[in-house]
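structure28.cif, holding mmCIF, C-alpha atoms:
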data_query
loop_
_atom_site.label_atom_id
_atom_site.label_comp_id
_atom_site.auth_asym_id
_atom_site.auth_seq_id
_atom_site.Cartn_x
_atom_site.Cartn_y
_atom_site.Cartn_z
CA MET A 1 31.24 29.92 -46.15
CA ASN A 2 31.21 32.76 -43.64
CA ILE A 3 32.21 31.59 -40.16
CA VAL A 4 31.62 34.22 -37.46
CA ILE A 5 33.29 33.72 -34.07
CA VAL A 6 32.19 35.92 -31.16
CA GLY A 7 34.93 36.09 -28.53
CA GLY A 8 38.71 35.81 -28.85
CA GLY A 9 39.59 33.92 -25.68
CA PHE A 10 41.22 30.48 -25.63
CA ALA A 11 38.24 28.84 -27.34
CA GLY A 12 37.61 31.42 -30.06
CA MET A 13 41.27 32.07 -30.80
CA ASN A 14 42.13 28.39 -31.25
CA LEU A 15 39.06 27.88 -33.43
CA ALA A 16 40.01 30.86 -35.60
CA LYS A 17 43.63 29.67 -35.89
CA GLN A 18 42.57 26.27 -37.16
CA LEU A 19 39.90 27.55 -39.57
CA SER A 20 42.13 30.29 -41.00
CA LYS A 21 44.31 27.55 -42.52
CA ASP A 22 41.44 26.70 -44.90
CA ASN A 23 41.27 29.36 -47.62
CA SER A 24 37.84 28.17 -48.74
CA LEU A 25 36.40 29.74 -45.55
CA ASN A 26 35.91 33.38 -44.59
CA ILE A 27 36.61 33.90 -40.88
CA THR A 28 35.36 36.91 -38.90
CA LEU A 29 36.38 37.25 -35.26
CA ILE A 30 34.32 39.63 -33.12
CA ASP A 31 35.65 40.91 -29.80
CA LYS A 32 35.21 44.00 -27.63
CA ASN A 33 39.00 44.09 -27.20
CA ASN A 34 41.44 44.22 -30.10
CA TYR A 35 43.73 41.72 -28.38
CA HIS A 36 43.84 38.20 -26.98
CA PHE A 37 45.07 37.94 -23.40
CA PHE A 38 46.23 35.17 -21.08
CA PRO A 39 43.89 35.12 -18.03
CA PRO A 40 45.97 32.78 -15.80
CA LEU A 41 48.58 35.53 -15.36
CA ILE A 42 46.46 38.66 -14.90
CA TYR A 43 47.00 38.48 -11.14
CA GLN A 44 50.73 39.05 -11.82
CA VAL A 45 49.81 42.20 -13.75
CA ALA A 46 47.59 43.26 -10.84
CA THR A 47 50.47 42.84 -8.39
CA ALA A 48 52.96 44.72 -10.61
CA PHE A 49 55.02 41.60 -11.24
CA ILE A 50 54.85 41.53 -15.05
CA GLU A 51 53.97 44.02 -17.78
CA THR A 52 50.55 44.06 -19.41
CA SER A 53 52.09 43.67 -22.87
CA ILE A 54 53.57 40.27 -21.96
CA ILE A 55 50.18 38.57 -21.69
CA THR A 56 48.40 40.40 -24.52
CA TYR A 57 48.66 40.05 -28.30
CA PRO A 58 46.73 42.01 -30.98
CA PHE A 59 44.39 39.90 -33.11
CA ARG A 60 45.33 41.70 -36.31
CA LYS A 61 49.01 40.97 -35.73
CA MET A 62 48.28 37.37 -34.78
CA PHE A 63 46.38 36.73 -38.02
CA ARG A 64 48.29 39.09 -40.33
CA LYS A 65 49.28 36.25 -42.69
CA ALA A 66 45.75 34.82 -42.96
CA ARG A 67 44.11 36.36 -46.04
CA ASN A 68 40.71 34.86 -45.19
CA PHE A 69 40.56 36.45 -41.71
CA ARG A 70 38.80 39.67 -40.69
CA PHE A 71 38.58 41.26 -37.24
CA HIS A 72 35.42 43.09 -36.13
CA TYR A 73 35.86 45.38 -33.11
CA GLY A 74 32.70 45.38 -31.04
CA ALA A 75 30.67 43.62 -28.34
CA LEU A 76 27.76 41.27 -28.98
CA GLU A 77 24.32 42.88 -28.71
CA ARG A 78 22.16 40.04 -30.02
CA ILE A 79 22.08 37.22 -32.52
CA ASP A 80 19.28 36.90 -35.08
CA THR A 81 19.15 33.16 -35.68
CA GLU A 82 16.36 33.41 -38.24
CA ASN A 83 18.16 35.82 -40.57
CA LYS A 84 21.63 34.57 -39.57
CA VAL A 85 23.01 37.95 -38.48
CA VAL A 86 25.14 38.88 -35.46
CA PHE A 87 24.49 42.42 -34.21
CA THR A 88 27.30 44.19 -32.34
CA THR A 89 27.87 47.60 -30.78
CA SER A 90 29.62 48.67 -33.99
CA GLY A 91 27.56 47.03 -36.74
CA LYS A 92 26.31 43.68 -37.95
CA VAL A 93 27.87 40.60 -39.51
CA SER A 94 26.11 37.87 -41.52
CA TYR A 95 27.05 34.24 -41.01
CA ASP A 96 26.63 30.75 -42.37
CA TYR A 97 27.87 29.31 -39.08
CA ALA A 98 28.14 31.33 -35.85
CA VAL A 99 30.21 30.32 -32.84
CA LEU A 100 29.67 31.92 -29.44
CA ALA A 101 32.81 31.97 -27.27
CA MET A 102 32.42 35.08 -25.09
CA GLY A 103 33.32 33.29 -21.86
CA THR A 104 32.19 34.49 -18.45
CA GLU A 105 31.97 37.61 -16.34
CA THR A 106 32.18 38.26 -12.62
CA ASN A 107 29.22 36.99 -10.58
CA TYR A 108 28.32 39.11 -7.55
CA PHE A 109 25.38 36.89 -6.59
CA GLY A 110 22.99 39.82 -6.40
CA MET A 111 25.02 41.83 -3.84
CA ASP A 112 24.70 45.37 -5.13
CA ASN A 113 27.18 46.97 -2.72
CA VAL A 114 29.82 44.36 -3.52
CA GLU A 115 29.31 44.90 -7.24
CA LYS A 116 29.56 48.65 -6.80
CA HIS A 117 32.59 48.84 -4.51
CA ALA A 118 34.60 45.61 -4.80
CA VAL A 119 37.48 45.22 -7.26
CA PRO A 120 37.00 42.30 -9.70
CA MET A 121 39.79 40.20 -11.23
CA LYS A 122 38.56 39.09 -14.62
CA THR A 123 39.99 41.30 -17.35
CA ILE A 124 43.13 43.29 -18.20
CA ASP A 125 41.25 46.46 -17.27
CA ASP A 126 40.44 44.92 -13.86
CA ALA A 127 44.09 43.98 -13.31
CA ILE A 128 45.37 47.48 -14.14
CA HIS A 129 42.71 49.05 -11.94
CA LEU A 130 43.60 46.74 -9.05
CA ARG A 131 47.32 47.49 -9.41
CA ASN A 132 46.67 51.24 -9.31
CA HIS A 133 44.26 50.83 -6.40
CA ILE A 134 46.71 48.81 -4.26
CA LEU A 135 49.68 51.08 -4.99
CA ARG A 136 47.66 54.23 -4.41
CA ASN A 137 46.35 52.92 -1.10
CA GLY A 138 49.92 52.13 -0.08
CA GLU A 139 50.86 55.76 -0.67
CA TRP A 140 47.82 56.99 1.21
CA ALA A 141 48.55 54.65 4.13
CA ALA A 142 52.13 55.98 4.27
CA GLN A 143 50.80 59.55 4.62
CA GLU A 144 47.86 58.83 6.91
CA ALA A 145 48.23 60.09 10.50
CA ASN A 146 45.03 58.45 11.73
CA GLU A 147 45.90 54.89 12.73
CA VAL A 148 42.38 53.58 12.08
CA GLU A 149 42.42 54.94 8.53
CA ARG A 150 45.97 53.74 7.98
CA VAL A 151 44.96 50.18 8.88
CA LYS A 152 41.95 50.45 6.60
CA PHE A 153 44.15 51.44 3.65
CA SER A 154 46.62 48.65 4.52
CA THR A 155 44.04 45.85 4.78
CA ILE A 156 43.14 43.71 1.77
CA VAL A 157 40.31 41.18 1.80
CA ILE A 158 40.21 38.62 -1.02
CA ALA A 159 36.90 36.82 -1.52
CA GLY A 160 37.33 33.46 -3.23
CA GLY A 161 39.73 30.66 -2.33
CA GLY A 162 40.12 29.22 -5.82
CA PRO A 163 43.35 29.45 -7.85
CA THR A 164 42.95 33.19 -8.52
CA GLY A 165 42.37 34.03 -4.86
CA VAL A 166 45.21 31.81 -3.65
CA GLU A 167 47.66 33.15 -6.24
CA LEU A 168 46.72 36.75 -5.45
CA ALA A 169 47.08 36.20 -1.70
CA GLY A 170 50.46 34.53 -2.17
CA MET A 171 51.81 37.29 -4.41
CA LEU A 172 50.60 40.05 -2.08
CA ALA A 173 52.11 38.24 0.91
CA TYR A 174 55.40 37.99 -1.02
CA MET A 175 55.32 41.75 -1.67
CA ASN A 176 54.43 42.34 1.97
CA LYS A 177 57.47 40.40 3.12
CA LYS A 178 60.05 41.48 0.53
CA ILE A 179 59.13 45.02 -0.48
CA LEU A 180 57.08 46.92 2.12
CA ALA A 181 59.77 47.25 4.79
CA LYS A 182 62.40 48.37 2.25
CA GLU A 183 60.34 50.92 0.33
CA TYR A 184 57.88 52.32 2.89
CA PRO A 185 59.94 53.69 5.80
CA GLU A 186 56.88 55.67 6.92
CA PHE A 187 55.43 52.43 8.29
CA SER A 188 56.45 51.36 11.78
CA PRO A 189 58.95 48.48 11.94
CA ASN A 190 56.09 46.06 12.48
CA GLY A 191 53.71 47.75 10.07
CA LYS A 192 52.58 45.56 7.20
CA MET A 193 49.61 44.91 4.98
CA ARG A 194 46.92 42.75 6.48
CA ILE A 195 45.83 40.13 3.92
CA VAL A 196 42.66 38.14 4.54
CA LEU A 197 41.54 35.32 2.22
CA VAL A 198 37.90 34.24 2.59
CA ASP A 199 35.95 31.33 1.14
CA MET A 200 32.57 29.71 1.81
CA LEU A 201 34.02 26.21 1.41
CA PRO A 202 35.86 24.33 4.17
CA THR A 203 39.03 24.22 2.03
CA LEU A 204 41.04 26.34 -0.38
CA LEU A 205 41.39 25.22 -4.02
CA GLY A 206 38.08 23.35 -3.84
CA PRO A 207 38.38 21.25 -7.06
CA MET A 208 41.96 20.13 -6.32
CA SER A 209 43.33 17.26 -4.23
CA LYS A 210 43.42 17.29 -0.42
CA LYS A 211 47.21 17.39 -0.52
CA SER A 212 47.16 20.53 -2.67
CA GLN A 213 44.49 22.13 -0.49
CA GLN A 214 46.48 21.53 2.68
CA GLU A 215 49.72 22.76 1.09
CA ALA A 216 48.07 26.01 0.00
CA LEU A 217 46.61 26.60 3.46
CA GLU A 218 49.86 25.94 5.31
CA VAL A 219 52.04 28.01 2.98
CA LEU A 220 49.72 31.03 3.00
CA GLN A 221 49.28 30.96 6.76
CA GLY A 222 53.04 30.64 7.13
CA MET A 223 53.43 33.85 5.11
CA GLY A 224 51.03 35.72 7.36
CA VAL A 225 47.82 35.48 5.33
CA GLU A 226 44.69 35.17 7.46
CA VAL A 227 42.47 32.44 6.01
CA LYS A 228 38.76 32.42 6.88
CA LEU A 229 36.99 29.26 5.66
CA ASN A 230 33.32 28.29 5.88
CA THR A 231 32.64 32.02 5.70
CA GLY A 232 30.95 33.95 2.91
CA VAL A 233 30.84 37.68 2.24
CA LYS A 234 27.35 39.05 2.92
CA ASP A 235 27.83 42.76 2.16
CA TYR A 236 30.33 45.60 1.78
CA VAL A 237 29.05 48.74 3.49
CA ASP A 238 30.84 51.95 4.48
CA GLY A 239 34.26 50.41 4.01
CA HIS A 240 33.43 47.29 6.04
CA VAL A 241 33.29 43.76 4.62
CA ILE A 242 30.45 42.00 6.44
CA PHE A 243 30.56 38.21 6.67
CA ALA A 244 27.75 35.71 6.94
CA ASP A 245 28.77 34.87 10.52
CA GLY A 246 28.16 38.47 11.60
CA THR A 247 31.80 39.55 11.87
CA SER A 248 33.29 42.35 9.78
CA ILE A 249 36.63 43.81 8.69
CA ALA A 250 37.33 47.46 7.93
CA THR A 251 39.09 47.75 4.58
CA ASP A 252 39.29 49.95 1.53
CA THR A 253 40.04 46.94 -0.68
CA LEU A 254 37.74 43.98 -1.30
CA ILE A 255 39.04 41.90 -4.21
CA TRP A 256 36.26 39.77 -5.69
CA SER A 257 37.30 36.45 -7.23
CA SER A 258 34.44 34.42 -5.83
CA GLY A 259 32.53 33.30 -8.89
CA VAL A 260 31.63 33.76 -12.55
CA ILE A 261 28.53 33.61 -14.70
CA ALA A 262 28.32 33.08 -18.46
CA LYS A 263 27.93 36.21 -20.54
CA GLU A 264 24.51 36.82 -22.01
CA ALA A 265 23.71 35.83 -25.58
CA PRO A 266 20.43 37.63 -26.43
CA GLY A 267 18.53 36.06 -29.31
CA LEU A 268 19.07 32.41 -28.46
CA PRO A 269 16.03 30.23 -27.62
CA GLN A 270 15.25 30.52 -23.92
CA ASP A 271 15.26 26.76 -23.46
CA SER A 272 18.89 26.63 -24.62
CA ILE A 273 20.09 28.52 -21.52
CA GLY A 274 21.04 26.42 -18.49
CA LYS A 275 22.48 26.84 -15.01
CA GLY A 276 24.79 29.79 -14.54
CA ARG A 277 23.47 31.22 -17.83
CA ARG A 278 25.60 28.67 -19.70
CA ILE A 279 24.42 27.70 -23.19
CA LEU A 280 23.26 24.10 -23.54
CA VAL A 281 25.04 22.25 -26.36
CA ASP A 282 25.14 18.72 -27.76
CA ALA A 283 28.17 16.45 -28.11
CA TYR A 284 29.38 18.54 -31.08
CA ASN A 285 28.98 21.89 -29.26
CA ARG A 286 25.91 22.74 -31.33
CA VAL A 287 23.46 24.99 -29.46
CA GLN A 288 20.33 23.13 -28.39
CA GLY A 289 17.57 23.70 -30.96
CA LEU A 290 19.83 25.22 -33.64
CA ASP A 291 21.79 23.68 -36.53
CA ASP A 292 24.13 26.54 -37.43
CA VAL A 293 25.05 28.11 -34.08
CA PHE A 294 27.67 26.67 -31.73
CA ALA A 295 29.01 27.54 -28.29
CA ILE A 296 32.45 26.63 -26.92
CA GLY A 297 34.54 27.31 -23.85
CA ASP A 298 33.31 28.60 -20.49
CA ILE A 299 30.04 29.86 -21.94
CA CYS A 300 28.72 26.39 -22.87
CA LEU A 301 27.32 23.50 -20.83
CA GLN A 302 27.81 20.10 -22.41
CA THR A 303 26.55 16.98 -20.62
CA ALA A 304 27.13 14.42 -23.38
CA ASP A 305 30.66 13.57 -22.18
CA LYS A 306 30.10 10.53 -19.92
CA ASP A 307 33.11 11.46 -17.76
CA PHE A 308 31.58 14.89 -17.06
CA PRO A 309 27.78 14.35 -16.87
CA ASN A 310 27.28 17.69 -15.07
CA GLY A 311 29.30 19.67 -17.57
CA HIS A 312 33.01 20.38 -17.98
CA PRO A 313 34.99 22.59 -15.60
CA GLN A 314 35.43 26.14 -16.84
CA LEU A 315 39.14 25.78 -17.56
CA ALA A 316 41.44 26.92 -20.34
CA GLN A 317 42.19 23.36 -21.49
CA VAL A 318 38.50 22.62 -22.08
CA ALA A 319 38.17 25.78 -24.18
CA ILE A 320 41.30 25.03 -26.20
CA GLN A 321 40.29 21.45 -26.94
CA GLN A 322 36.72 22.43 -27.89
CA GLY A 323 37.98 25.14 -30.22
CA ILE A 324 40.35 22.79 -32.03
CA LEU A 325 37.77 20.02 -32.41
CA LEU A 326 35.00 22.35 -33.58
CA ALA A 327 37.25 23.63 -36.36
CA GLU A 328 37.58 20.06 -37.59
CA ASN A 329 33.85 19.43 -37.25
CA ILE A 330 32.87 22.58 -39.17
CA VAL A 331 34.97 21.38 -42.11
CA ASN A 332 33.41 17.92 -41.71
CA MET A 333 29.92 19.44 -41.90
CA ILE A 334 30.75 21.41 -45.02
CA GLU A 335 32.22 18.34 -46.68
CA LYS A 336 29.36 16.06 -45.50
CA ARG A 337 31.59 13.90 -43.29
CA PRO A 338 30.62 12.44 -39.88
CA LEU A 339 31.18 14.67 -36.85
CA LYS A 340 33.37 13.76 -33.89
CA PRO A 341 31.87 14.12 -30.38
CA PHE A 342 33.85 16.13 -27.87
CA LYS A 343 35.63 14.25 -25.10
CA TYR A 344 37.71 16.22 -22.66
CA ASN A 345 41.27 15.04 -22.08
CA ASP A 346 41.93 16.09 -18.49
CA LYS A 347 45.61 17.00 -18.23
CA GLY A 348 45.37 18.04 -14.58
CA SER A 349 45.37 21.39 -12.78
CA MET A 350 47.84 23.55 -10.92
CA ALA A 351 48.19 26.70 -8.86
CA ILE A 352 51.16 28.77 -7.74
CA ILE A 353 51.16 29.85 -4.10
CA THR A 354 54.30 31.97 -3.88
CA LYS A 355 57.95 31.91 -4.92
CA ASN A 356 59.22 28.30 -4.91
CA LYS A 357 55.82 26.98 -3.84
CA ALA A 358 53.10 25.57 -6.10
CA VAL A 359 50.74 22.60 -6.34
CA VAL A 360 50.21 20.34 -9.35
CA ASP A 361 47.43 17.76 -9.65
CA LEU A 362 47.94 15.29 -12.48
CA PRO A 363 45.37 12.57 -13.29
CA LYS A 364 47.29 9.93 -11.33
CA PHE A 365 49.40 11.79 -8.76
CA THR A 366 50.02 15.11 -7.02
CA PHE A 367 53.24 16.96 -6.23
CA THR A 368 54.00 20.22 -4.47
CA GLY A 369 56.89 22.54 -3.62
CA TRP A 370 59.82 23.76 -5.71
CA PHE A 371 59.51 21.25 -8.57
CA ALA A 372 55.79 22.00 -8.84
CA TRP A 373 56.71 25.69 -9.00
CA LEU A 374 59.14 25.08 -11.88
CA THR A 375 56.49 22.99 -13.65
CA TRP A 376 53.97 25.81 -13.24
CA LEU A 377 56.45 28.33 -14.70
CA PHE A 378 57.24 26.12 -17.71
CA ILE A 379 53.60 25.25 -18.48
CA HIS A 380 52.58 28.92 -18.39
CA ILE A 381 55.31 30.00 -20.79
CA ILE A 382 54.18 27.65 -23.60
CA PRO A 383 50.71 29.13 -24.40
CA ILE A 384 51.81 32.79 -24.29
CA ALA A 385 51.21 34.26 -27.73
CA GLY A 386 54.31 35.55 -29.51
CA PHE A 387 57.95 34.50 -29.20
CA ARG A 388 58.96 37.97 -27.99
CA ASN A 389 56.37 37.77 -25.22
CA LYS A 390 57.76 34.41 -24.08
CA ILE A 391 61.27 35.87 -23.86
CA LYS A 392 60.02 38.94 -21.97
CA LEU A 393 58.12 36.73 -19.54
CA VAL A 394 61.12 34.49 -18.84
CA THR A 395 63.57 37.37 -18.37
CA GLY A 396 61.06 39.34 -16.29
CA TRP A 397 60.44 36.39 -14.01
CA PHE A 398 64.16 35.63 -13.73
CA TRP A 399 65.03 39.19 -12.72
CA SER A 400 62.16 39.50 -10.27
CA PHE A 401 62.86 36.18 -8.60
CA LEU A 402 66.61 36.87 -8.51
CA THR A 403 66.30 40.30 -6.93
CA ASN A 404 63.10 39.67 -4.93
CA ASN A 405 62.04 43.09 -6.17
CA PRO A 406 59.95 43.53 -9.34
CA SER A 407 60.24 47.11 -10.55
CA LEU A 408 56.87 47.78 -12.19
CA ARG A 409 55.13 49.53 -9.30
CA LEU A 410 53.86 52.52 -11.25
CA ILE A 411 50.55 54.28 -10.59
CA ILE A 412 49.42 55.21 -14.09
CA ARG A 413 46.03 56.84 -14.31
CA PRO A 414 44.51 59.15 -16.96
CA ILE A 415 43.47 61.75 -14.37
CA GLU A 416 44.11 61.87 -10.64
CA LYS A 417 43.97 64.67 -8.10
CA LEU A 418 46.46 64.81 -5.25
CA ARG A 419 45.33 64.45 -1.64
CA ASP A 420 45.56 68.17 -0.89
CA CYS A 421 41.85 68.86 -1.15
CA SER A 422 39.20 69.20 1.54
CA GLU A 423 37.75 66.09 3.17
CA ASP A 424 34.53 66.35 1.13
CA GLU A 425 36.44 66.81 -2.12
CA GLU A 426 38.77 63.97 -1.18
CA ALA A 427 35.87 61.61 -0.57
CA GLU A 428 34.36 62.58 -3.91
CA VAL A 429 37.63 61.95 -5.79
CA HIS A 430 38.16 58.68 -3.93
CA ASP A 431 34.68 57.41 -4.88
CA SER A 432 35.06 58.46 -8.52
CA GLN A 433 38.38 56.62 -8.87
CA ARG A 434 36.91 53.36 -7.65
#
What is this structure when it is put down as C-alpha cells?
Amino acid sequence: MNIVIVGGGFAGMNLAKQLSKDNSLNITLIDKNNYHFFPPLIYQVATAFIETSIITYPFRKMFRKARNFRFHYGALERIDTENKVVFTTSGKVSYDYAVLAMGTETNYFGMDNVEKHAVPMKTIDDAIHLRNHILRNGEWAAQEANEVERVKFSTIVIAGGGPTGVELAGMLAYMNKKILAKEYPEFSPNGKMRIVLVDMLPTLLGPMSKKSQQEALEVLQGMGVEVKLNTGVKDYVDGHVIFADGTSIATDTLIWSSGVIAKEAPGLPQDSIGKGRRILVDAYNRVQGLDDVFAIGDICLQTADKDFPNGHPQLAQVAIQQGILLAENIVNMIEKRPLKPFKYNDKGSMAIITKNKAVVDLPKFTFTGWFAWLTWLFIHIIPIAGFRNKIKLVTGWFWSFLTNNPSLRLIIRPIEKLRDCSEDEEAEVHDSQR
C-alpha cells in the first residue's frame, strides 16, 4: 500500500513516524521544505534568541532507519482523486491513500498593502527575514540624523494579540530593556524601541482564561509595551499603519500575526471546503465525499467531536493526536478492522510573556509567573526533534537567561548594499529587501 502524506508539520510527521514502523506500507512524505520545524519557537529565532538549527530537523535524517520511507521535495499543485495521483512542483506521486497535512498560511484578510509590506511570522524564512529586518533597522536608526526617520526605524507594530504576538512583544521588550542601552550608544539615554501590540479583541490571548489575559496585559505594559485593544489594522500606506479608529502610527515594521487560513488543496470536491478554507472531514479525518483521502491538523475542520462542535482549535496537540490516531486507523482499514473516531484530549494551553513570566491554562486550573515559565520551558524542550537539538536549546537558553544577552544578533543576507547610495537608490534597495 502506498501512503502519500502531503506536509511534514506536527500532523504529517507524527503520522509518518507511526506508519514507518509497519514495513508492509510504503510511505512517501511530500513537503516544500526538506526539514521539519517547531513553530512555537520561531519567534525566538526572529528575535535572535536561538539558532535556526535548534528548531529544525531534516526529514531524511529523521527517517534514515526507515527502509519503507521516501521523501519527495516539492509543493502540492493539485490532487487527482479519480486517478489517485498527487501532482507537485517537482513531479507526481501515485497513492492508495493520500493524507493532506499542509497546515495554514498567513491571512491578510484582503488587505493588499499589508500583504505587500508587512512582515509575517509563519515560517523559518519569515523568522530569518524578520530578524534581519529588525537588526538592520536598528543599525539604520543608530545612523539616522533625522529624528522623525529615526523614530520610524525604531518603532515596531505587532498586529495580533494571540500567543505569537504576545511572545514577540515580550521578547522585543526584553531586548529593549537589556540590550539596546548597552550596545547602541548612538541612541540618547532615553532612546528605545517603541513596541505597539494591537488586537481587535478586548483582551490579549483571546482563547485563554481571564487570569492569563490579565497577567499578559499587566506584564507587557509594565515592560513598556503599548497595548491597543478593540482596534484593528485597516491599512499600511507610506510607512504608516492605519487603524480602524482612524489613528495611525509611523513605522517601518509591521509584524503580522493576526490570523491564518488553510492552504489550498486544488482537486478536492468544492463541497468539502469549509470556513477558512479548512477541509471538512468525518470523525475518522476522512475528507467529505472521498474514501481514500484524509486531512489532519490545522487544515481540517472536524465537527463530529461532541466537545468541539465548531471544530478543533488549530493547535499543535490536535495535529499530533490526529496524526497518531490516523496511523492506527489506516492500518485498521487495510486489515478490515473497525475505525476509532477522533476525540481531542485537551491538555491545556500556555504562553510565555518574558523572562520569568508565563501563563499556563490547564483543564482545571490556571497558574502564572515563574513556575509557569519553568513549565513552559520544560514542555517546549520535549517535542524538539533530535537529542542534540534539545541539548543546544537548553544550553542556549541557560546562557542567554544567565547573561541577559543572547549573542546571535547577526545580519546575514545573500546580497545587501550599504547605505552610501543616493536617496532614490536607497529607497529602491530598501523596497527590494522587504
Atom-to-atom span, CA of Glu147 in chain A and CA of Ala250 in chain A, Å: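 Computing the Euclidean distance for CA of Glu147 in chain A and CA of Ala250 in chain A yields 12.3 Å.
Shortest atom-to-atom contact with Ala11 in chain A among A:Met102, A:Met223, A:Leu410, A:Leu180: A:Met102, counting only C-alpha atoms.
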Explicit residue set for the PyMOL selection byres ((chain A and resi 17) around 10), as a list in words: Gly12, Met13, Asn14, Leu15, Ala16, Gln18, Leu19, Ser20, Lys21, Asp22, Ile27, Met62, Phe63, Ala66, Phe69, Gly323, Ile324 and Ala327 of chain A
Distance query Gly348 in chain A at most 9 Å, only C-alpha atoms, self and fewer than 4 positions along chain excluded, as number ranges by chain: A: 360-364
Residues within 7 Å of Val45 in chain A, all atoms listed in the file, excluding chain neighbours under 6 positions, as a list in words: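 My list of contacting residues is Glu51, Thr52, Ala127 and Ile128 of chain A.
CA of Trp399 in chain A to CA of Ile54 in chain A spans 14.8 Å [interatomic distance, one decimal].
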Residue nearest Gly103 in chain A - candidates A:Arg64, A:Arg413, A:Lys263, A:Arg150, atoms counted: all atoms listed in the file: A:Lys263
Surrounding residues of range 272-279 of chain A excluding itself and chain neighbours under 4 positions, 9 Å, only C-alpha atoms, as number ranges by chain: A: 104, 260-265, 268, 287-289, 295-296, 298-302
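Pairwise distance (CA of Ala142 in chain A, CA of Arg194 in chain A) equals 14.4 Å.
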